[in-house]
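Novice: File model-v8.cif below, mmCIF, C-alpha atoms:
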data_input
loop_
_atom_site.label_atom_id
_atom_site.label_comp_id
_atom_site.auth_asym_id
_atom_site.auth_seq_id
_atom_site.Cartn_x
_atom_site.Cartn_y
_atom_site.Cartn_z
CA MET A 1 139.97 8.44 69.50
CA ARG A 2 141.07 4.93 68.55
CA ASN A 3 143.39 6.25 65.81
CA SER A 4 145.12 8.60 68.24
CA ALA A 5 146.37 5.78 70.49
CA PRO A 6 149.12 4.50 68.10
CA ILE A 7 150.30 8.08 67.50
CA ALA A 8 150.51 8.76 71.23
CA LEU A 9 152.42 5.50 71.74
CA LEU A 10 154.89 6.43 68.97
CA ILE A 11 155.51 9.86 70.55
CA ILE A 12 156.16 8.23 73.92
CA LEU A 13 158.59 5.71 72.41
CA LEU A 14 160.50 8.49 70.66
CA PHE A 15 160.52 10.64 73.77
CA ILE A 16 161.77 7.98 76.21
CA PRO A 17 165.34 7.61 74.78
CA ILE A 18 165.88 11.40 74.87
CA GLN A 19 164.59 11.58 78.44
CA ALA A 20 166.85 8.66 79.38
CA ARG A 21 169.86 10.53 77.99
CA ASN A 22 168.94 13.71 79.86
CA HIS A 23 168.09 11.92 83.12
CA PRO A 24 169.90 8.54 83.17
CA LEU A 25 168.98 6.19 85.99
CA PRO A 26 171.83 4.94 88.18
CA CYS A 27 172.99 1.52 87.03
CA SER A 28 176.31 -0.27 87.32
CA THR A 29 177.58 -3.65 86.17
CA SER A 30 180.93 -5.37 85.56
CA CYS A 31 182.68 -7.79 83.23
CA GLY A 32 186.17 -9.06 83.94
CA ASP A 33 188.61 -6.19 84.45
CA ILE A 34 186.05 -3.54 83.48
CA HIS A 35 184.18 -2.60 86.65
CA ASN A 36 181.31 -0.18 87.28
CA ILE A 37 180.06 -0.10 83.70
CA GLY A 38 177.56 2.76 83.72
CA TYR A 39 175.80 5.29 81.55
CA PRO A 40 175.95 5.61 78.60
CA PHE A 41 177.25 2.04 78.41
CA ARG A 42 175.36 -1.12 79.26
CA LEU A 43 176.02 -4.84 79.06
CA LYS A 44 173.86 -7.07 76.90
CA GLY A 45 171.18 -8.55 79.16
CA ASP A 46 171.15 -5.64 81.62
CA PRO A 47 167.75 -4.25 82.72
CA PRO A 48 166.18 -1.90 80.14
CA HIS A 49 166.84 1.19 82.25
CA CYS A 50 170.60 0.57 82.23
CA GLY A 51 172.59 2.71 79.81
CA ASP A 52 171.88 3.57 76.20
CA PRO A 53 171.17 0.79 73.65
CA ASP A 54 173.48 2.51 71.16
CA TYR A 55 176.38 1.94 73.57
CA GLU A 56 175.77 -1.71 74.35
CA LEU A 57 178.74 -3.95 75.24
CA TYR A 58 178.78 -7.66 75.94
CA CYS A 59 180.79 -10.10 78.02
CA ASP A 60 182.34 -13.05 76.12
CA ASN A 61 182.96 -16.59 77.37
CA HIS A 62 186.42 -15.55 78.64
CA ASN A 63 184.95 -12.74 80.75
CA ARG A 64 186.29 -10.03 78.44
CA THR A 65 184.24 -6.92 77.66
CA ILE A 66 183.58 -6.67 73.90
CA HIS A 67 182.37 -3.72 71.84
CA ASP A 68 180.82 -4.53 68.46
CA PHE A 69 181.67 -1.38 66.49
CA HIS A 70 181.03 -1.14 62.74
CA ALA A 71 180.96 -4.94 62.45
CA GLY A 72 184.38 -5.12 64.10
CA LEU A 73 185.00 -6.72 67.49
CA TYR A 74 187.12 -4.88 70.05
CA TYR A 75 188.20 -5.61 73.59
CA VAL A 76 187.39 -2.78 75.99
CA ASN A 77 190.62 -2.00 77.85
CA ASN A 78 189.40 1.00 79.80
CA ILE A 79 186.51 3.44 80.24
CA SER A 80 187.13 6.95 81.58
CA TYR A 81 183.87 8.61 82.56
CA ASP A 82 185.64 11.84 83.53
CA GLN A 83 187.17 12.27 80.08
CA HIS A 84 184.39 10.50 78.13
CA LEU A 85 186.94 8.09 76.65
CA ILE A 86 186.71 4.38 75.87
CA ARG A 87 189.86 2.48 74.86
CA LEU A 88 189.42 -0.32 72.33
CA VAL A 89 191.78 -2.87 70.81
CA ASP A 90 191.01 -5.15 67.86
CA ILE A 91 190.53 -8.71 69.13
CA ASN A 92 192.85 -10.10 66.42
CA LEU A 93 195.67 -7.74 67.40
CA ALA A 94 195.32 -7.66 71.19
CA ALA A 95 197.63 -10.62 71.83
CA GLY A 96 200.31 -9.48 69.36
CA ASN A 97 199.56 -12.26 66.87
CA CYS A 98 200.62 -11.86 63.26
CA GLY A 99 197.73 -11.18 60.89
CA LEU A 100 195.06 -8.75 59.80
CA PRO A 101 192.60 -6.97 62.11
CA TYR A 102 189.16 -8.49 62.63
CA ARG A 103 187.84 -5.69 60.46
CA SER A 104 189.38 -2.65 58.80
CA LEU A 105 188.50 0.64 60.51
CA GLY A 106 189.46 4.16 59.47
CA LEU A 107 188.73 7.63 60.76
CA GLU A 108 185.97 8.28 58.22
CA GLU A 109 183.78 5.56 59.74
CA VAL A 110 184.19 7.04 63.22
CA VAL A 111 183.39 10.56 62.03
CA GLY A 112 180.26 9.34 60.24
CA ASP A 113 179.08 7.25 63.18
CA GLY A 114 177.74 9.93 65.50
CA ARG A 115 178.34 8.09 68.77
CA TYR A 116 182.05 8.85 68.93
CA TYR A 117 184.58 11.26 67.49
CA ARG A 118 188.34 11.65 67.10
CA GLN A 119 190.68 14.37 65.89
CA TYR A 120 191.00 14.54 62.11
CA PHE A 121 194.73 13.87 62.13
CA SER A 122 194.73 10.51 63.88
CA PRO A 123 197.44 7.83 63.69
CA HIS A 124 196.62 4.90 61.41
CA ALA A 125 198.35 1.58 60.82
CA THR A 126 197.72 0.58 57.21
CA PHE A 127 198.22 -2.89 55.75
CA VAL A 128 199.29 -2.67 52.09
CA ARG A 129 199.80 -5.58 49.69
CA CYS A 130 202.44 -5.03 47.01
CA SER A 131 203.19 -7.05 43.91
CA LYS A 132 206.91 -6.57 44.39
CA GLU A 133 209.30 -5.96 47.23
CA ILE A 134 209.51 -2.35 48.48
CA ASN A 135 212.99 -1.82 49.89
CA SER A 136 212.07 1.32 51.85
CA MET A 137 209.41 -0.65 53.77
CA GLY A 138 211.39 -3.83 54.30
CA SER A 139 211.46 -3.58 58.11
CA SER A 140 207.66 -3.35 58.29
CA MET A 141 206.90 -6.49 56.22
CA VAL A 142 204.23 -8.73 57.78
CA PRO A 143 205.85 -12.19 57.69
CA CYS A 144 202.73 -14.36 57.99
CA LEU A 145 200.98 -12.54 55.10
CA SER A 146 203.90 -12.27 52.69
CA GLY A 147 204.99 -14.85 50.12
CA ASN A 148 206.75 -15.28 46.81
CA THR A 149 204.07 -13.54 44.74
CA SER A 150 203.29 -10.59 46.99
CA ARG A 151 204.46 -8.74 50.07
CA VAL A 152 202.30 -7.23 52.80
CA TYR A 153 203.66 -4.24 54.72
CA LEU A 154 202.36 -2.40 57.76
CA ASN A 155 202.69 1.36 57.33
CA TYR A 156 202.27 3.65 60.37
CA THR A 157 201.37 7.31 59.77
CA ASN A 158 199.87 10.26 61.66
CA TYR A 159 196.98 10.41 59.21
CA MET A 160 194.72 8.18 57.17
CA LEU A 161 196.24 6.82 53.96
CA TYR A 162 194.39 6.55 50.65
CA ASP A 163 195.26 4.54 47.54
CA SER A 164 196.55 7.73 45.92
CA ASP A 165 199.12 8.07 48.73
CA ILE A 166 200.92 4.81 47.95
CA THR A 167 202.81 3.42 44.98
CA SER A 168 200.84 1.92 42.10
CA ASP A 169 202.36 -1.50 42.86
CA CYS A 170 200.48 -1.65 46.18
CA ASP A 171 196.89 -1.75 47.40
CA ILE A 172 195.41 -1.00 50.82
CA ILE A 173 193.84 -4.15 52.28
CA ALA A 174 193.10 -3.02 55.86
CA MET A 175 193.72 -0.23 58.34
CA VAL A 176 193.55 0.22 62.09
CA LEU A 177 193.14 3.30 64.24
CA SER A 178 195.89 3.86 66.76
CA ASP A 179 197.20 6.27 69.38
CA HIS A 180 200.81 7.25 69.67
CA LYS A 181 202.13 9.41 72.52
CA VAL A 182 205.81 9.83 71.60
CA ASP A 183 207.49 11.96 68.94
CA GLN A 184 209.03 9.15 66.88
CA LEU A 185 206.58 6.92 65.04
CA PRO A 186 207.10 3.15 65.16
CA SER A 187 208.68 1.92 61.93
CA SER A 188 209.39 -1.80 62.19
CA TYR A 189 206.64 -4.42 62.13
CA GLU A 190 207.40 -5.46 65.71
CA GLU A 191 207.19 -1.86 66.98
CA ILE A 192 203.91 -1.22 65.18
CA GLN A 193 202.53 -4.53 66.40
CA ARG A 194 203.25 -3.60 70.03
CA THR A 195 201.68 -0.17 69.50
CA LEU A 196 198.48 -1.72 68.12
CA GLN A 197 198.22 -3.95 71.19
CA LEU A 198 197.65 -0.78 73.23
CA GLY A 199 194.51 0.04 71.23
CA PHE A 200 193.00 3.47 70.57
CA ASP A 201 190.68 5.92 72.30
CA LEU A 202 187.25 7.08 71.18
CA ARG A 203 185.52 10.03 72.83
CA TRP A 204 181.77 9.76 73.19
CA ALA A 205 179.07 12.45 73.14
CA VAL A 206 175.62 10.93 73.59
CA GLU A 207 173.64 14.11 72.94
CA CYS A 208 175.43 14.50 69.61
CA MET A 209 173.22 11.72 68.21
CA ASP A 210 170.11 13.77 69.00
CA CYS A 211 171.71 16.72 67.21
CA ARG A 212 172.43 14.60 64.12
CA ALA A 213 168.93 13.10 64.20
CA ASP A 214 167.59 16.67 64.11
CA GLY A 215 169.56 17.37 60.94
CA GLY A 216 172.52 19.09 62.57
CA TYR A 217 176.18 18.33 63.07
CA CYS A 218 178.35 18.57 66.17
CA GLN A 219 181.13 21.12 66.49
CA PHE A 220 183.61 20.55 69.33
CA PRO A 221 185.67 23.56 70.48
CA THR A 222 188.71 21.35 71.22
CA GLN A 223 189.70 17.74 70.62
CA GLU A 224 189.74 17.13 74.39
CA SER A 225 186.29 18.58 75.02
CA SER A 226 183.14 16.49 75.30
CA ARG A 227 180.98 19.63 75.04
CA PHE A 228 179.77 20.58 71.59
CA HIS A 229 177.65 23.06 69.70
CA CYS A 230 174.86 21.67 67.54
CA SER A 231 175.04 23.46 64.19
CA LYS A 232 172.44 23.22 61.48
CA GLU A 233 173.01 23.15 57.74
CA ASP A 234 171.22 26.50 57.42
CA ASP A 235 173.45 28.15 60.01
CA TYR A 236 175.89 29.26 57.33
CA ALA A 237 173.11 30.85 55.25
CA THR A 238 171.74 32.56 58.37
CA GLN A 239 175.16 33.90 59.30
CA LEU A 240 175.73 35.10 55.75
CA TRP A 241 172.36 36.89 55.71
CA ASN A 242 173.09 38.49 59.09
CA ALA A 243 176.48 39.64 57.78
CA ILE A 244 174.82 41.19 54.70
CA LEU A 245 172.26 43.00 56.89
CA PHE A 246 175.04 44.25 59.16
CA LEU A 247 177.04 45.59 56.20
CA ALA A 248 173.92 47.18 54.71
CA TYR A 249 173.15 48.84 58.04
CA ASP A 250 176.71 50.15 58.29
CA PHE A 251 176.49 51.45 54.71
CA VAL A 252 173.23 53.31 55.34
CA ILE A 253 174.51 54.84 58.57
CA GLY A 254 177.75 55.84 56.86
CA LEU A 255 175.83 57.36 53.97
CA ILE A 256 173.64 59.39 56.33
CA LEU A 257 176.67 60.67 58.25
CA PHE A 258 178.47 61.47 54.99
CA CYS A 259 175.50 63.44 53.67
CA ARG A 260 174.98 65.32 56.93
CA TYR A 261 178.52 66.21 57.92
CA ILE A 262 180.38 66.28 54.60
CA LEU A 263 178.08 66.57 51.63
CA ALA A 264 175.59 69.00 53.20
CA PRO A 265 178.25 71.55 54.29
CA LEU A 266 179.81 71.35 50.82
CA VAL A 267 176.45 71.99 49.17
CA ILE A 268 175.74 74.94 51.50
CA PHE A 269 179.22 76.32 50.90
CA ALA A 270 178.80 75.97 47.12
CA PHE A 271 175.38 77.67 47.31
CA LEU A 272 176.74 80.59 49.33
CA LEU A 273 179.72 80.91 47.02
CA HIS A 274 177.44 80.93 44.00
CA LYS A 275 175.19 83.51 45.62
CA CYS A 276 178.16 85.71 46.46
CA PHE A 277 179.46 85.68 42.88
CA SER A 278 175.94 86.27 41.55
CA SER A 279 175.56 89.30 43.80
CA ARG A 280 178.87 90.76 42.66
CA ASN A 281 177.85 90.36 39.01
CA ARG A 282 174.65 92.38 39.65
CA ILE A 283 176.43 95.38 41.25
CA PRO A 284 176.31 98.33 38.72
CA ARG A 285 179.63 99.81 37.67
#
Could you render the structure as structure tokens?
Specialist:
Amino acid sequence: MRNSAPIALLIILLFIPIQARNHPLPCSTSCGDIHNIGYPFRLKGDPPHCGDPDYELYCDNHNRTIHDFHAGLYYVNNISYDQHLIRLVDINLAAGNCGLPYRSLGLEEVVGDGRYYRQYFSPHATFVRCSKEINSMGSSMVPCLSGNTSRVYLNYTNYMLYDSDITSDCDIIAMVLSDHKVDQLPSSYEEIQRTLQLGFDLRWAVECMDCRADGGYCQFPTQESSRFHCSKEDDYATQLWNAILFLAYDFVIGLILFCRYILAPLVIFAFLLHKCFSSRNRIPR
């Protein structure tokens, strides 16, 4: 009986977070311009029943709400509980200052995180350092990071750039997620800088973490939906096996129908024809 107590305690501790996600207790707090911070979010220092620990925010000395995400620090500009969206902006870029982000962040890190997701073709602002001047990118040069020996440019695209996408004279040194709502992408450094000050949205799905912890992955029907289907790695094998069984069933049924309605009449007809010719051969002349 003594050995069962730690096991029971472990089960309870594992069960509590899932229950909290399914039945969150009402809790609301504020920090600066961000009011009514509620589930799944919580502020550091809130009572234990408030929010989900995986979505913890904190209030800095200037009364700004901060989200520590993948070792990067981001101001929280807005939280939409109806759309399950949180808008973040890198603390180094929020004021429009020249320089690199607090930490580089690309789409792959968001996709692998589990707490949030974004569409696969998401705008990125990429800082590239080049050993020589690139004339085609002259308007996007970052003045405070460029010198006589190298140039740093800020490239804005609708997708994530890789080293293979840029010239061999340049290297990627940082990237930032972004959102862009108009048809024409910003091209100059000043335009991109203003766009990055607006931040980017992440859509959350708390239950998706439970799905991932159970060995599955989350499939969202649309980029705007917060509802998802939890798929398992063996789903594909199961679907393939079901498809094979379905085709085998169709084949057997088709074979039975073929034998009954096509082959059988042909056999009977051939038998009668053979019998008729045999009878004629036996008639004496």
Novice: Under the PyMOL selection byres ((chain A and resi 126-129) around 9), which residues of this model are included? Write them out as a PDB file with C-alpha atoms, in the coordinates of the input.
Specialist:
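Written output follows (part.pdb):
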ATOM      1  CA  LEU A 100     195.060  -8.750  59.800  1.00  0.00           C
ATOM      2  CA  HIS A 124     196.620   4.900  61.410  1.00  0.00           C
ATOM      3  CA  ALA A 125     198.350   1.580  60.820  1.00  0.00           C
ATOM      4  CA  CYS A 130     202.440  -5.030  47.010  1.00  0.00           C
ATOM      5  CA  SER A 131     203.190  -7.050  43.910  1.00  0.00           C
ATOM      6  CA  LYS A 132     206.910  -6.570  44.390  1.00  0.00           C
ATOM      7  CA  VAL A 142     204.230  -8.730  57.780  1.00  0.00           C
ATOM      8  CA  LEU A 145     200.980 -12.540  55.100  1.00  0.00           C
ATOM      9  CA  SER A 146     203.900 -12.270  52.690  1.00  0.00           C
ATOM     10  CA  SER A 150     203.290 -10.590  46.990  1.00  0.00           C
ATOM     11  CA  ARG A 151     204.460  -8.740  50.070  1.00  0.00           C
ATOM     12  CA  VAL A 152     202.300  -7.230  52.800  1.00  0.00           C
ATOM     13  CA  TYR A 153     203.660  -4.240  54.720  1.00  0.00           C
ATOM     14  CA  LEU A 154     202.360  -2.400  57.760  1.00  0.00           C
ATOM     15  CA  ASN A 155     202.690   1.360  57.330  1.00  0.00           C
ATOM     16  CA  TYR A 156     202.270   3.650  60.370  1.00  0.00           C
ATOM     17  CA  THR A 157     201.370   7.310  59.770  1.00  0.00           C
ATOM     18  CA  MET A 160     194.720   8.180  57.170  1.00  0.00           C
ATOM     19  CA  LEU A 161     196.240   6.820  53.960  1.00  0.00           C
ATOM     20  CA  ILE A 166     200.920   4.810  47.950  1.00  0.00           C
ATOM     21  CA  ASP A 169     202.360  -1.500  42.860  1.00  0.00           C
ATOM     22  CA  CYS A 170     200.480  -1.650  46.180  1.00  0.00           C
ATOM     23  CA  ASP A 171     196.890  -1.750  47.400  1.00  0.00           C
ATOM     24  CA  ILE A 172     195.410  -1.000  50.820  1.00  0.00           C
ATOM     25  CA  ILE A 173     193.840  -4.150  52.280  1.00  0.00           C
ATOM     26  CA  ALA A 174     193.100  -3.020  55.860  1.00  0.00           C
ATOM     27  CA  MET A 175     193.720  -0.230  58.340  1.00  0.00           C
ATOM     28  CA  VAL A 176     193.550   0.220  62.090  1.00  0.00           C
ATOM     29  CA  LEU A 177     193.140   3.300  64.240  1.00  0.00           C
TER      30      LEU A 177
END
Novice: Could you list, with a cut-off of 10 Å and counting all atoms listed in the file, the residues of stretch 152-200 of chain A near stretch 57-78 of chain A, each shown with its nearest atom pair and the distance in Å rounded to one decimal, rows sorted by chain and ascending number, as a tab-separated table?
Specialist:
residue	atom	partner	partner_atom	distance
A:Leu198	CA	A:Asn77	CA	8.5
A:Gly199	CA	A:Asn77	CA	7.9
A:Phe200	CA	A:Asn77	CA	9.4
Novice: For each of A:His274, A:Thr195, A:Ile262, A:His180, take the minimum atom-to-atom distance to A:Ala94, counting all atoms listed in the file, then give the residue where this is smallest.
Specialist: A:Thr195
Novice: Take atom CA of A:Ala205 and atom CA of A:Asn92 and report the distance between them in Å, one decimal.
Specialist: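 Atom CA of A:Ala205 sits 27.3 Å away from atom CA of A:Asn92.
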Novice: Please, what distance in Å, to one decimal, runs between atom CA of A:Ile79 and atom CA of A:Gly215?
Specialist: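 So the answer is 29.2 Å.
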Novice: Quick one: of A:Val206, A:Leu105, A:Cys31, A:Leu85, who's nearest to A:Lys44, counting all atoms listed in the file?
Specialist: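 Distance minimum relative to A:Lys44 lands on A:Cys31.
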Novice: Return as AutoDock Vina command-line options the box centre and box size in Å, one decimal, for an axis-aligned box around all listed atoms of stretch 41-54 of chain A padded by 6 Å per side.
Specialist:
--center_x 171.7 --center_y -2.5 --center_z 76.9 --size_x 23.1 --size_y 24.1 --size_z 23.6
Novice: Please compute the atom CA of A:Gly38-atom CA of A:Gly51 distance, one decimal, in Å.
Specialist: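 These atoms are spaced 6.3 Å apart.
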Novice: Pick from A:Glu190, A:Tyr39, A:Lys181, A:Ser80: nearest to A:Asn97, with only C-alpha atoms counted?
Specialist: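 Going through A:Glu190, A:Tyr39, A:Lys181, A:Ser80 one by one, the smallest distance to A:Asn97 is for A:Glu190.
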Novice: With only C-alpha atoms as the atoms that count, which of A:Cys218, A:Leu196, A:Ile244, A:Leu263 lies nearest to A:Leu88?
Specialist: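 The closest residue to A:Leu88 is A:Leu196.
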Novice: Running the PyMOL selection byres ((chain A and resi 27) around 10) on this model by hand, what would come out? Give it as a PyMOL selection string.
Specialist: chain A and resi 24-26+28-29+36-42+46-47+49-51
Novice: Counting only C-alpha atoms, figure out which residue out of A:Phe121, A:Glu56, A:Ser187, A:Thr167 gets nearest to A:Glu133.
Specialist: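 Smallest distance to A:Glu133 is found for A:Thr167.
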Novice: Counting all atoms listed in the file, figure out which residue out of A:Asp163, A:Val252, A:Tyr55, A:Cys98 gets nearest to A:Leu43.
Specialist: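 Distance minimum relative to A:Leu43 lands on A:Tyr55.
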